[in-house]
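Data first, discussion second: the structure below is written as structure tokens.
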Amino acid sequence: MKTLLINIKELLQVRDIAPNKVSGAEMKELPTLKNAWLLVENDIIKDFGTMDVLTETEVHKTIDCTGKIVLPTWCDSHTHIVYAGNREQEFVDRINGLSYQEIADNGGGILNSAKKLQQTSEADLFTQSAARLKEVMKLGTGAIEIKSGYGLTTEAELKMLRVAKKLGETFPVKVKTTFLGAHAVPSEFKNDKQGYMDHICNDMLPKVAEENLTDYVDIFCEKGYFTVEDTHQLLSEAKKYGLIPKTHVNQFNAIGGVKASVDHQALSVDHLEVITDEDISVLKNSETMPVALPSCSYFLSIPYTPGRKIIDAGLPLALATDYNPGSTPSGNMNFVVATACIKMKLTPEEAINAATINGAYAMGISETHGSITKGKSASVIITKEIPSYGYLPYAFGSNLIDMVIVAGEVL
Ligand code: NIG
Ligand code: FE
């Protein structure tokens with residue numbers, strides 16, 4: 001099956017040889033082709049070029065993209081889309097003056113979601129999560145990482161990861177999974193965090209690994225949740241199963257989670273709303289991708305990750321949604337890209353690089369996703385007719401997507 005996109009006003013993120021990530025000043029460069037065509041064969045990008053040198057004519061389907069921009073689908077490297085129910089009451093509580101942390105201290109927050117999830121069947125959890133996945137695919141997401149962490153019992157964590165894995169088998173979108181048993185200390189272990197850490201390491205982790213349910217391991221390294229010592233314990237143990245870390249660090253406090261994660265060769269460190277100069281120098285000597293989650297900052301009214309500072313220090317940066325019921329009930333990568341420009345002072349080129357090639361790196365799929373490169377997954381966004389790609393973050397409230405193709409499948 002061959003599909004040909006013709007008369008593309010501008011084809012973005014065109015890389016003959018794709019780098020696995022772009023850093024610092026390189027992030028300002030977004031290679032493009034004007035008046036272009038793109039040939040898709042089955043689920044793969046077969047070829048592309050400019051209209052004056054178009055030779056291929058025998059195809060099954062032609063899509064005229066006059067006036068439209070085509071770019072790789074978003075790579076959302078940090079989500080928690082497998083969850084049960086919602087937490088809109090906590091949203092109202094915050095409007096009325098309670099803080100995110102006060103709500104958590106009163107048994108709300110992650111523990112509230114865990115209670116709901118434990119009572120939800122695997123089939124129902126799949127249905128609820130599939131609806132969110134379909135929604136974000138229509139918003140241009142072609143690859144997504146999904147974390148556990150609302151189970152907090154062996155059984156419920158396995159249930160979450162099975163659902164996440166099944167989502168990847170059911171839909172064309174690329175799914176990577178992450179085991180986040182260390183998301184919060186469940187009430188059964190209220191006064192015995194070490195007991196819970198040992199339970200994660202000795203009971204949960206072996207089962208998760210045995211069922212081959214996870215690609216990565218994560219921990220919420222934060223005051224009131226898990227310490228740097230807990231992080232070392234979990235990540236050392238995870239290494240025995242060949243699991244690479246992607247961690248939640250520096251959301252509210254810089255307690256050393258960046259260094260601990262880098263010490264264990266983390267693929268990414270995510271949140272970083274609070275980041276020290278020492279954290280930045282630690283990252284400079286690493287292959288770890290810093291990931292910013294601006295929708296979370298927006299929703300919780302907490303500081304934005306200093307993305308400008310991170311890029312100006314020569315580091316790479318990726319952007320993701322953090323889609324979850326508590327801190328970010330939105331999986332809209334278009335909003336993330338716009339918010340990174342508006343609030344973090346990224347240029348449109350930097351934001352698009354951060355949400356495509358660098359997002360792909362942060363979920364270990366740069367070889368197949370994140371750029372328009374021959375042989376990569378045929379996953380692209382076709383915009384509506386728009387004046388330029390800068391219009392995407394500029395017109396932040398409009399849906400500017402005309403069509404999404406994920407792994408060759410037109411949605
Ligand atoms: O990434 N920070 C930790 N975990 C999630 C939110 C969890 C929740 O409130 O349900 C996050 O923001
Ligand atoms: Fe998160």
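Residues in the structure tokens are named by chain (A, B, ... in the order shown) and by number from 1 within that chain; ligands are numbered from 1 in the order shown.
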Next item on the list: Could the residues that lie within 7 Å of ligand 2, counting only C-alpha atoms and all ligand atoms, be listed as an NGL selection string?
Entry: :A and (78-80 or 248 or 322)
For those residues, write N, CA and C atoms to a file as a compact mmCIF listing (two decimals), in the first residue's frame.
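Result file follows (result09.txt):
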# COMPACT_ATOMS: atom_id res chain seq x y z
N HIS A 78 6.21 11.07 28.36
CA HIS A 78 5.88 10.98 29.80
C HIS A 78 4.37 11.13 29.98
N THR A 79 3.70 10.01 30.21
CA THR A 79 2.26 10.09 30.53
C THR A 79 1.89 9.03 31.58
N HIS A 80 0.70 9.26 32.13
CA HIS A 80 0.10 8.29 33.06
C HIS A 80 -1.34 8.07 32.56
N HIS A 248 11.01 10.86 37.96
CA HIS A 248 10.34 12.10 38.35
C HIS A 248 11.25 12.79 39.37
N ASP A 322 2.74 14.67 30.50
CA ASP A 322 2.47 14.22 31.88
C ASP A 322 0.98 13.88 32.08
Check: Mind listing the residues within 7 Å of ligand 1, only C-alpha atoms and all ligand atoms counted, as an MDAnalysis selection string?
Finding: chainID A and resid 109:110 113 183 220 248 251 296 322 324:328
Surrounding residues of A:Ser398 excluding itself and chain neighbours under 2 positions, 12 Å, only C-alpha atoms, as a PDB file with all heavy atoms, in the first residue's frame:
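Contents of selection.pdb, as written:
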ATOM      1  N   LEU A 139      -4.937  14.218  18.285  1.00  0.00           N
ATOM      2  CA  LEU A 139      -4.235  15.481  18.535  1.00  0.00           C
ATOM      3  C   LEU A 139      -2.787  15.421  18.044  1.00  0.00           C
ATOM      4  O   LEU A 139      -1.991  16.308  18.319  1.00  0.00           O
ATOM      5  CB  LEU A 139      -4.272  15.816  20.029  1.00  0.00           C
ATOM      6  CG  LEU A 139      -5.649  16.213  20.588  1.00  0.00           C
ATOM      7  CD1 LEU A 139      -5.640  16.225  22.110  1.00  0.00           C
ATOM      8  CD2 LEU A 139      -6.063  17.590  20.064  1.00  0.00           C
ATOM      9  N   ASN A 332      -2.631  17.039  25.419  1.00  0.00           N
ATOM     10  CA  ASN A 332      -2.547  17.804  24.172  1.00  0.00           C
ATOM     11  C   ASN A 332      -1.129  18.329  23.937  1.00  0.00           C
ATOM     12  O   ASN A 332      -0.720  19.333  24.522  1.00  0.00           O
ATOM     13  CB  ASN A 332      -3.551  18.960  24.239  1.00  0.00           C
ATOM     14  CG  ASN A 332      -3.691  19.666  22.909  1.00  0.00           C
ATOM     15  OD1 ASN A 332      -2.827  19.564  22.032  1.00  0.00           O
ATOM     16  ND2 ASN A 332      -4.776  20.393  22.754  1.00  0.00           N
ATOM     17  N   ASN A 334       0.022  19.752  21.355  1.00  0.00           N
ATOM     18  CA  ASN A 334       0.014  21.059  20.672  1.00  0.00           C
ATOM     19  C   ASN A 334       0.029  22.176  21.710  1.00  0.00           C
ATOM     20  O   ASN A 334       0.723  23.188  21.548  1.00  0.00           O
ATOM     21  CB  ASN A 334      -1.228  21.172  19.780  1.00  0.00           C
ATOM     22  CG  ASN A 334      -1.344  19.969  18.864  1.00  0.00           C
ATOM     23  OD1 ASN A 334      -0.631  19.868  17.901  1.00  0.00           O
ATOM     24  ND2 ASN A 334      -2.212  19.034  19.223  1.00  0.00           N
ATOM     25  N   PHE A 335      -0.720  21.978  22.775  1.00  0.00           N
ATOM     26  CA  PHE A 335      -0.740  22.955  23.870  1.00  0.00           C
ATOM     27  C   PHE A 335       0.619  22.992  24.574  1.00  0.00           C
ATOM     28  O   PHE A 335       1.107  24.061  24.954  1.00  0.00           O
ATOM     29  CB  PHE A 335      -1.857  22.601  24.868  1.00  0.00           C
ATOM     30  CG  PHE A 335      -1.923  23.535  26.045  1.00  0.00           C
ATOM     31  CD1 PHE A 335      -2.482  24.798  25.925  1.00  0.00           C
ATOM     32  CD2 PHE A 335      -1.396  23.160  27.277  1.00  0.00           C
ATOM     33  CE1 PHE A 335      -2.521  25.671  27.002  1.00  0.00           C
ATOM     34  CE2 PHE A 335      -1.428  24.026  28.370  1.00  0.00           C
ATOM     35  CZ  PHE A 335      -1.997  25.283  28.230  1.00  0.00           C
ATOM     36  N   ALA A 338       2.997  24.981  22.403  1.00  0.00           N
ATOM     37  CA  ALA A 338       2.668  26.407  22.481  1.00  0.00           C
ATOM     38  C   ALA A 338       3.089  26.985  23.833  1.00  0.00           C
ATOM     39  O   ALA A 338       3.696  28.060  23.905  1.00  0.00           O
ATOM     40  CB  ALA A 338       1.167  26.612  22.261  1.00  0.00           C
ATOM     41  N   THR A 383      -1.331  19.525   8.779  1.00  0.00           N
ATOM     42  CA  THR A 383      -2.067  20.640   9.394  1.00  0.00           C
ATOM     43  C   THR A 383      -3.186  21.119   8.459  1.00  0.00           C
ATOM     44  O   THR A 383      -3.248  20.725   7.297  1.00  0.00           O
ATOM     45  CB  THR A 383      -1.147  21.846   9.699  1.00  0.00           C
ATOM     46  OG1 THR A 383      -0.746  22.441   8.452  1.00  0.00           O
ATOM     47  CG2 THR A 383       0.078  21.436  10.498  1.00  0.00           C
ATOM     48  N   LYS A 384      -4.008  21.988   8.988  1.00  0.00           N
ATOM     49  CA  LYS A 384      -4.941  22.714   8.122  1.00  0.00           C
ATOM     50  C   LYS A 384      -4.109  23.723   7.334  1.00  0.00           C
ATOM     51  O   LYS A 384      -2.897  23.817   7.521  1.00  0.00           O
ATOM     52  CB  LYS A 384      -5.981  23.437   8.984  1.00  0.00           C
ATOM     53  CG  LYS A 384      -6.905  22.450   9.695  1.00  0.00           C
ATOM     54  CD  LYS A 384      -7.902  23.163  10.587  1.00  0.00           C
ATOM     55  CE  LYS A 384      -8.785  22.127  11.276  1.00  0.00           C
ATOM     56  NZ  LYS A 384      -9.467  22.654  12.461  1.00  0.00           N
ATOM     57  N   ILE A 386      -2.277  26.767   6.921  1.00  0.00           N
ATOM     58  CA  ILE A 386      -1.785  27.774   7.882  1.00  0.00           C
ATOM     59  C   ILE A 386      -0.642  28.556   7.246  1.00  0.00           C
ATOM     60  O   ILE A 386       0.030  28.058   6.343  1.00  0.00           O
ATOM     61  CB  ILE A 386      -1.316  27.135   9.227  1.00  0.00           C
ATOM     62  CG1 ILE A 386      -0.276  26.009   9.002  1.00  0.00           C
ATOM     63  CG2 ILE A 386      -2.489  26.616  10.021  1.00  0.00           C
ATOM     64  CD1 ILE A 386       0.366  25.502  10.291  1.00  0.00           C
ATOM     65  N   TYR A 391       2.898  29.510  13.253  1.00  0.00           N
ATOM     66  CA  TYR A 391       1.483  29.710  13.565  1.00  0.00           C
ATOM     67  C   TYR A 391       0.970  28.640  14.527  1.00  0.00           C
ATOM     68  O   TYR A 391       0.019  28.886  15.264  1.00  0.00           O
ATOM     69  CB  TYR A 391       0.680  29.676  12.252  1.00  0.00           C
ATOM     70  CG  TYR A 391      -0.716  30.230  12.363  1.00  0.00           C
ATOM     71  CD1 TYR A 391      -0.967  31.600  12.357  1.00  0.00           C
ATOM     72  CD2 TYR A 391      -1.807  29.371  12.475  1.00  0.00           C
ATOM     73  CE1 TYR A 391      -2.253  32.099  12.461  1.00  0.00           C
ATOM     74  CE2 TYR A 391      -3.100  29.854  12.581  1.00  0.00           C
ATOM     75  CZ  TYR A 391      -3.314  31.217  12.574  1.00  0.00           C
ATOM     76  OH  TYR A 391      -4.593  31.709  12.677  1.00  0.00           O
ATOM     77  N   LEU A 392       1.621  27.476  14.533  1.00  0.00           N
ATOM     78  CA  LEU A 392       1.161  26.362  15.399  1.00  0.00           C
ATOM     79  C   LEU A 392       1.179  26.773  16.879  1.00  0.00           C
ATOM     80  O   LEU A 392       0.152  26.694  17.546  1.00  0.00           O
ATOM     81  CB  LEU A 392       1.992  25.095  15.164  1.00  0.00           C
ATOM     82  CG  LEU A 392       1.838  24.373  13.813  1.00  0.00           C
ATOM     83  CD1 LEU A 392       2.898  23.288  13.663  1.00  0.00           C
ATOM     84  CD2 LEU A 392       0.446  23.767  13.674  1.00  0.00           C
ATOM     85  N   PRO A 393       2.338  27.219  17.422  1.00  0.00           N
ATOM     86  CA  PRO A 393       2.305  27.665  18.824  1.00  0.00           C
ATOM     87  C   PRO A 393       1.623  29.019  19.011  1.00  0.00           C
ATOM     88  O   PRO A 393       1.067  29.291  20.085  1.00  0.00           O
ATOM     89  CB  PRO A 393       3.787  27.744  19.206  1.00  0.00           C
ATOM     90  CG  PRO A 393       4.531  27.846  17.929  1.00  0.00           C
ATOM     91  CD  PRO A 393       3.714  27.123  16.909  1.00  0.00           C
ATOM     92  N   TYR A 394       1.651  29.851  17.971  1.00  0.00           N
ATOM     93  CA  TYR A 394       1.059  31.198  18.061  1.00  0.00           C
ATOM     94  C   TYR A 394      -0.457  31.118  18.287  1.00  0.00           C
ATOM     95  O   TYR A 394      -0.990  31.692  19.235  1.00  0.00           O
ATOM     96  CB  TYR A 394       1.400  31.947  16.769  1.00  0.00           C
ATOM     97  CG  TYR A 394       0.584  33.166  16.463  1.00  0.00           C
ATOM     98  CD1 TYR A 394       0.865  34.381  17.090  1.00  0.00           C
ATOM     99  CD2 TYR A 394      -0.448  33.113  15.525  1.00  0.00           C
ATOM    100  CE1 TYR A 394       0.110  35.510  16.785  1.00  0.00           C
ATOM    101  CE2 TYR A 394      -1.194  34.219  15.223  1.00  0.00           C
ATOM    102  CZ  TYR A 394      -0.923  35.426  15.857  1.00  0.00           C
ATOM    103  OH  TYR A 394      -1.659  36.531  15.556  1.00  0.00           O
ATOM    104  N   ALA A 395      -1.139  30.347  17.444  1.00  0.00           N
ATOM    105  CA  ALA A 395      -2.599  30.235  17.567  1.00  0.00           C
ATOM    106  C   ALA A 395      -2.911  29.098  18.542  1.00  0.00           C
ATOM    107  O   ALA A 395      -3.513  28.089  18.183  1.00  0.00           O
ATOM    108  CB  ALA A 395      -3.204  29.993  16.200  1.00  0.00           C
ATOM    109  N   PHE A 396      -2.494  29.270  19.799  1.00  0.00           N
ATOM    110  CA  PHE A 396      -2.429  28.156  20.747  1.00  0.00           C
ATOM    111  C   PHE A 396      -3.766  27.520  21.083  1.00  0.00           C
ATOM    112  O   PHE A 396      -3.816  26.393  21.535  1.00  0.00           O
ATOM    113  CB  PHE A 396      -1.711  28.602  22.033  1.00  0.00           C
ATOM    114  CG  PHE A 396      -2.509  29.568  22.864  1.00  0.00           C
ATOM    115  CD1 PHE A 396      -3.318  29.119  23.895  1.00  0.00           C
ATOM    116  CD2 PHE A 396      -2.468  30.927  22.605  1.00  0.00           C
ATOM    117  CE1 PHE A 396      -4.062  30.005  24.663  1.00  0.00           C
ATOM    118  CE2 PHE A 396      -3.208  31.823  23.371  1.00  0.00           C
ATOM    119  CZ  PHE A 396      -4.013  31.363  24.397  1.00  0.00           C
ATOM    120  N   LEU A 400      -5.418  23.023  14.800  1.00  0.00           N
ATOM    121  CA  LEU A 400      -4.870  23.289  13.464  1.00  0.00           C
ATOM    122  C   LEU A 400      -4.550  22.001  12.713  1.00  0.00           C
ATOM    123  O   LEU A 400      -3.905  22.036  11.674  1.00  0.00           O
ATOM    124  CB  LEU A 400      -3.617  24.168  13.596  1.00  0.00           C
ATOM    125  CG  LEU A 400      -3.891  25.529  14.260  1.00  0.00           C
ATOM    126  CD1 LEU A 400      -2.597  26.247  14.610  1.00  0.00           C
ATOM    127  CD2 LEU A 400      -4.742  26.409  13.360  1.00  0.00           C
ATOM    128  N   ILE A 401      -4.991  20.858  13.260  1.00  0.00           N
ATOM    129  CA  ILE A 401      -4.675  19.576  12.621  1.00  0.00           C
ATOM    130  C   ILE A 401      -5.803  19.150  11.685  1.00  0.00           C
ATOM    131  O   ILE A 401      -6.970  19.104  12.074  1.00  0.00           O
ATOM    132  CB  ILE A 401      -4.425  18.486  13.688  1.00  0.00           C
ATOM    133  CG1 ILE A 401      -3.185  18.864  14.517  1.00  0.00           C
ATOM    134  CG2 ILE A 401      -4.244  17.115  13.037  1.00  0.00           C
ATOM    135  CD1 ILE A 401      -2.830  17.870  15.592  1.00  0.00           C
ATOM    136  N   ASP A 402      -5.419  18.841  10.445  1.00  0.00           N
ATOM    137  CA  ASP A 402      -6.406  18.377   9.470  1.00  0.00           C
ATOM    138  C   ASP A 402      -6.472  16.845   9.493  1.00  0.00           C
ATOM    139  O   ASP A 402      -7.543  16.260   9.449  1.00  0.00           O
ATOM    140  CB  ASP A 402      -5.986  18.876   8.077  1.00  0.00           C
ATOM    141  CG  ASP A 402      -7.009  18.509   7.021  1.00  0.00           C
ATOM    142  OD1 ASP A 402      -8.216  18.604   7.318  1.00  0.00           O
ATOM    143  OD2 ASP A 402      -6.598  18.125   5.908  1.00  0.00           O
TER     144      ASP A 402
END
Produce a table with one row for each residue of stretch 279-393 of chain A that has an atom at most 8 Å from any atom of stretch 45-51 of chain A, each row naming the nearest atom pair and its distance in Å at one decimal; use only C-alpha atoms; arrange rows by chain and rising residue number; format as CSV.
residue,atom,partner,partner_atom,distance
A:Ile372,CA,A:Ile45,CA,7.4
A:Thr373,CA,A:Ile45,CA,6.8
A:Lys374,CA,A:Ile45,CA,5.2
A:Gly375,CA,A:Ile45,CA,5.4
A:Lys376,CA,A:Ile45,CA,5.6
A:Ser377,CA,A:Ile45,CA,6.1
A:Ala378,CA,A:Ile45,CA,4.8
Next, write the just-selected residues to a file, as a PDB file, in the first residue's frame, keeping N, CA, C and O atoms as the atom set.
ATOM      1  N   ILE A 372      11.424  13.123   9.834  1.00  0.00           N
ATOM      2  CA  ILE A 372      11.090  12.657   8.487  1.00  0.00           C
ATOM      3  C   ILE A 372      12.391  12.131   7.889  1.00  0.00           C
ATOM      4  O   ILE A 372      13.250  12.890   7.435  1.00  0.00           O
ATOM      5  N   THR A 373      12.545  10.830   7.982  1.00  0.00           N
ATOM      6  CA  THR A 373      13.767  10.150   7.550  1.00  0.00           C
ATOM      7  C   THR A 373      13.350   8.859   6.868  1.00  0.00           C
ATOM      8  O   THR A 373      12.445   8.171   7.373  1.00  0.00           O
ATOM      9  N   LYS A 374      13.976   8.545   5.736  1.00  0.00           N
ATOM     10  CA  LYS A 374      13.642   7.299   5.036  1.00  0.00           C
ATOM     11  C   LYS A 374      13.807   6.109   5.970  1.00  0.00           C
ATOM     12  O   LYS A 374      14.823   5.996   6.654  1.00  0.00           O
ATOM     13  N   GLY A 375      12.812   5.225   5.985  1.00  0.00           N
ATOM     14  CA  GLY A 375      12.872   4.025   6.804  1.00  0.00           C
ATOM     15  C   GLY A 375      12.234   4.187   8.174  1.00  0.00           C
ATOM     16  O   GLY A 375      12.002   3.199   8.868  1.00  0.00           O
ATOM     17  N   LYS A 376      11.960   5.430   8.583  1.00  0.00           N
ATOM     18  CA  LYS A 376      11.302   5.623   9.886  1.00  0.00           C
ATOM     19  C   LYS A 376       9.792   5.401   9.753  1.00  0.00           C
ATOM     20  O   LYS A 376       9.247   5.355   8.641  1.00  0.00           O
ATOM     21  N   SER A 377       9.136   5.305  10.884  1.00  0.00           N
ATOM     22  CA  SER A 377       7.687   5.097  10.933  1.00  0.00           C
ATOM     23  C   SER A 377       6.960   6.215  10.187  1.00  0.00           C
ATOM     24  O   SER A 377       7.263   7.407  10.361  1.00  0.00           O
ATOM     25  N   ALA A 378       6.000   5.824   9.363  1.00  0.00           N
ATOM     26  CA  ALA A 378       5.209   6.819   8.620  1.00  0.00           C
ATOM     27  C   ALA A 378       4.135   7.376   9.544  1.00  0.00           C
ATOM     28  O   ALA A 378       2.972   6.997   9.487  1.00  0.00           O
TER      29      ALA A 378
END
Next item on the list: Name the closest residue to A:Met1 among the candidates A:Leu33, A:Pro329, A:Asn20, A:Ile44; distances are taken between atoms, counting only C-alpha atoms.
Entry: A:Ile44
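Distance annotation: of A:Val173, A:Asp198, A:Glu90, A:Asn212, the residue with the minimal separation from A:Thr73 is A:Val173; atom set is only C-alpha atoms.
From atom CA of A:Met289 back to atom CA of A:Ala84, the distance works out to 29.6 Å.
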Next item on the list: Within stretch 108-304 of chain A, find each residue whose DSSP state, derived from the backbone, is strand (DSSP E), and express the selection as a PyMOL selection string.
Entry: chain A and resi 141-147+174-182+216-221+244-249+268-271+289-292
Output file for the selection above: N, CA and C atoms, as an mmCIF file, in the first residue's frame:
data_model
loop_
_atom_site.group_PDB
_atom_site.id
_atom_site.type_symbol
_atom_site.label_atom_id
_atom_site.label_comp_id
_atom_site.auth_asym_id
_atom_site.auth_seq_id
_atom_site.Cartn_x
_atom_site.Cartn_y
_atom_site.Cartn_z
ATOM 1 N N THR A 141 -0.411 12.746 18.459
ATOM 2 C CA THR A 141 0.599 11.924 19.144
ATOM 3 C C THR A 141 0.725 10.574 18.442
ATOM 4 N N GLY A 142 1.938 10.246 18.013
ATOM 5 C CA GLY A 142 2.163 8.989 17.300
ATOM 6 C C GLY A 142 2.998 7.992 18.086
ATOM 7 N N ALA A 143 3.545 8.447 19.227
ATOM 8 C CA ALA A 143 4.317 7.564 20.110
ATOM 9 C C ALA A 143 4.121 8.081 21.531
ATOM 10 N N ILE A 144 3.960 7.147 22.462
ATOM 11 C CA ILE A 144 3.621 7.574 23.825
ATOM 12 C C ILE A 144 4.234 6.626 24.858
ATOM 13 N N GLU A 145 4.726 7.197 25.929
ATOM 14 C CA GLU A 145 5.201 6.394 27.059
ATOM 15 C C GLU A 145 4.092 6.401 28.099
ATOM 16 N N ILE A 146 3.840 5.234 28.699
ATOM 17 C CA ILE A 146 2.761 5.124 29.692
ATOM 18 C C ILE A 146 3.323 4.499 30.973
ATOM 19 N N LYS A 147 3.072 5.160 32.103
ATOM 20 C CA LYS A 147 3.603 4.691 33.380
ATOM 21 C C LYS A 147 2.535 3.963 34.197
ATOM 22 N N LYS A 174 2.953 3.910 18.770
ATOM 23 C CA LYS A 174 4.043 3.204 19.453
ATOM 24 C C LYS A 174 3.916 3.448 20.958
ATOM 25 N N VAL A 175 3.915 2.395 21.742
ATOM 26 C CA VAL A 175 3.783 2.531 23.195
ATOM 27 C C VAL A 175 5.018 1.977 23.896
ATOM 28 N N LYS A 176 5.568 2.742 24.822
ATOM 29 C CA LYS A 176 6.619 2.255 25.716
ATOM 30 C C LYS A 176 6.064 2.313 27.135
ATOM 31 N N THR A 177 6.400 1.326 27.958
ATOM 32 C CA THR A 177 5.824 1.287 29.307
ATOM 33 C C THR A 177 6.904 1.482 30.386
ATOM 34 N N THR A 178 6.480 2.044 31.498
ATOM 35 C CA THR A 178 7.394 2.314 32.611
ATOM 36 C C THR A 178 6.754 1.887 33.932
ATOM 37 N N PHE A 179 7.518 1.133 34.716
ATOM 38 C CA PHE A 179 7.048 0.685 36.035
ATOM 39 C C PHE A 179 7.334 1.762 37.082
ATOM 40 N N LEU A 180 6.250 2.330 37.629
ATOM 41 C CA LEU A 180 6.364 3.408 38.619
ATOM 42 C C LEU A 180 5.704 2.991 39.941
ATOM 43 N N GLY A 181 6.072 1.804 40.425
ATOM 44 C CA GLY A 181 5.538 1.373 41.720
ATOM 45 C C GLY A 181 5.885 2.375 42.814
ATOM 46 N N ALA A 182 7.052 3.028 42.684
ATOM 47 C CA ALA A 182 7.490 4.009 43.683
ATOM 48 C C ALA A 182 6.938 5.395 43.341
ATOM 49 N N TYR A 216 10.948 0.523 31.129
ATOM 50 C CA TYR A 216 11.720 1.421 31.992
ATOM 51 C C TYR A 216 11.230 1.347 33.439
ATOM 52 N N VAL A 217 12.022 1.962 34.327
ATOM 53 C CA VAL A 217 11.642 2.034 35.741
ATOM 54 C C VAL A 217 11.690 3.498 36.187
ATOM 55 N N ASP A 218 10.777 3.872 37.071
ATOM 56 C CA ASP A 218 10.626 5.273 37.466
ATOM 57 C C ASP A 218 10.411 5.338 38.978
ATOM 58 N N ILE A 219 10.737 6.496 39.561
ATOM 59 C CA ILE A 219 10.476 6.760 40.984
ATOM 60 C C ILE A 219 10.189 8.246 41.141
ATOM 61 N N PHE A 220 9.275 8.582 42.044
ATOM 62 C CA PHE A 220 8.968 9.988 42.328
ATOM 63 C C PHE A 220 9.900 10.421 43.464
ATOM 64 N N CYS A 221 11.053 10.979 43.090
ATOM 65 C CA CYS A 221 12.062 11.396 44.064
ATOM 66 C C CYS A 221 11.733 12.815 44.522
ATOM 67 N N ILE A 244 16.238 0.370 32.499
ATOM 68 C CA ILE A 244 16.836 1.708 32.502
ATOM 69 C C ILE A 244 15.866 2.685 33.173
ATOM 70 N N PRO A 245 16.405 3.644 33.964
ATOM 71 C CA PRO A 245 15.499 4.586 34.644
ATOM 72 C C PRO A 245 15.060 5.772 33.783
ATOM 73 N N LYS A 246 13.829 6.220 34.068
ATOM 74 C CA LYS A 246 13.289 7.512 33.616
ATOM 75 C C LYS A 246 12.593 8.034 34.864
ATOM 76 N N THR A 247 13.064 9.128 35.428
ATOM 77 C CA THR A 247 12.599 9.458 36.783
ATOM 78 C C THR A 247 11.841 10.779 36.892
ATOM 79 N N HIS A 248 11.013 10.857 37.958
ATOM 80 C CA HIS A 248 10.336 12.098 38.351
ATOM 81 C C HIS A 248 11.248 12.790 39.371
ATOM 82 N N VAL A 249 11.831 13.910 38.997
ATOM 83 C CA VAL A 249 12.722 14.624 39.920
ATOM 84 C C VAL A 249 12.459 16.133 39.888
ATOM 85 N N SER A 268 16.067 9.586 30.971
ATOM 86 C CA SER A 268 15.537 10.945 31.106
ATOM 87 C C SER A 268 15.306 11.282 32.568
ATOM 88 N N VAL A 269 15.344 12.594 32.856
ATOM 89 C CA VAL A 269 14.918 13.114 34.162
ATOM 90 C C VAL A 269 13.805 14.116 33.871
ATOM 91 N N ASP A 270 12.652 13.897 34.489
ATOM 92 C CA ASP A 270 11.453 14.624 34.098
ATOM 93 C C ASP A 270 10.907 15.512 35.215
ATOM 94 N N HIS A 271 10.315 16.607 34.840
ATOM 95 C CA HIS A 271 9.742 17.698 35.671
ATOM 96 C C HIS A 271 10.736 18.863 35.726
ATOM 97 N N MET A 289 18.354 12.807 29.099
ATOM 98 C CA MET A 289 17.528 13.873 28.524
ATOM 99 C C MET A 289 16.695 14.574 29.598
ATOM 100 N N PRO A 290 16.855 15.894 29.756
ATOM 101 C CA PRO A 290 15.941 16.623 30.631
ATOM 102 C C PRO A 290 14.575 16.767 29.929
ATOM 103 N N VAL A 291 13.495 16.513 30.663
ATOM 104 C CA VAL A 291 12.150 16.583 30.079
ATOM 105 C C VAL A 291 11.298 17.581 30.864
ATOM 106 N N ALA A 292 10.722 18.543 30.138
ATOM 107 C CA ALA A 292 9.844 19.538 30.765
ATOM 108 C C ALA A 292 8.386 19.193 30.481
#
Next item on the list: Write out as a ChimeraX atom specification the residues lying within 12 Å of A:Val410, counting only C-alpha atoms and excluding same-chain residues fewer than 4 positions away.
Entry: /A:3,5,40,42-43,61,63,137-138,140,142,172-173,378-382,402-406
Note to self: DSSP on the backbone, alpha helix (DSSP H) only: what residues of stretch 196-350 of chain A does that give? Format it as number ranges by chain.
What the structure shows: A: 196-199, 205-210, 228-239, 257-263, 277-284, 294-300, 307-312, 333-344, 348-350
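Ranking A:Met27, A:Gly256, A:Asp215, A:Ala156 by their shortest atom-to-atom distance to A:Thr231, with only C-alpha atoms included, puts A:Gly256 first.
Among A:Leu213, A:Ile280, A:Ala407, A:Val258, the residue with the shortest atom-to-atom distance to A:Pro306, counting only C-alpha atoms, is A:Ile280.
When the distance limit is 12 Å and only C-alpha atoms are what count, the residues near A:Gln101, minus those fewer than 2 positions from it on the same chain, are Glu90, Asp93, Arg94, Gly97, Leu98, Ser99, Ile103, Ala104, Asp105, Asn106, Gly107, Gly108, Gly109, Ile110, Glu222, Lys223, Gly224, Tyr225, Gln251, Phe252, Leu300, Ile302, Gly326 and Ser327 of chain A.
In this structure, atom CA of A:Trp37 sits 13.9 Å away from atom CA of A:Glu58.
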Next item on the list: Using only C-alpha atoms, find the one residue out of A:Ala114, A:Leu267, A:Ala320, A:Val163 that sits nearest to A:Arg87.
Entry: A:Ala114
Checklist line | All residues 9 Å or closer to A:Leu125, only C-alpha atoms, same chain fewer than 6 positions away omitted, as a VMD selection string | finding: chain A and resid 82 to 84 117 159 to 160 163
Next item on the list: Could you check how far atom CA of A:Thr368 sits from atom CA of A:Ile8, in Å to one decimal?
Entry: 22.2 Å
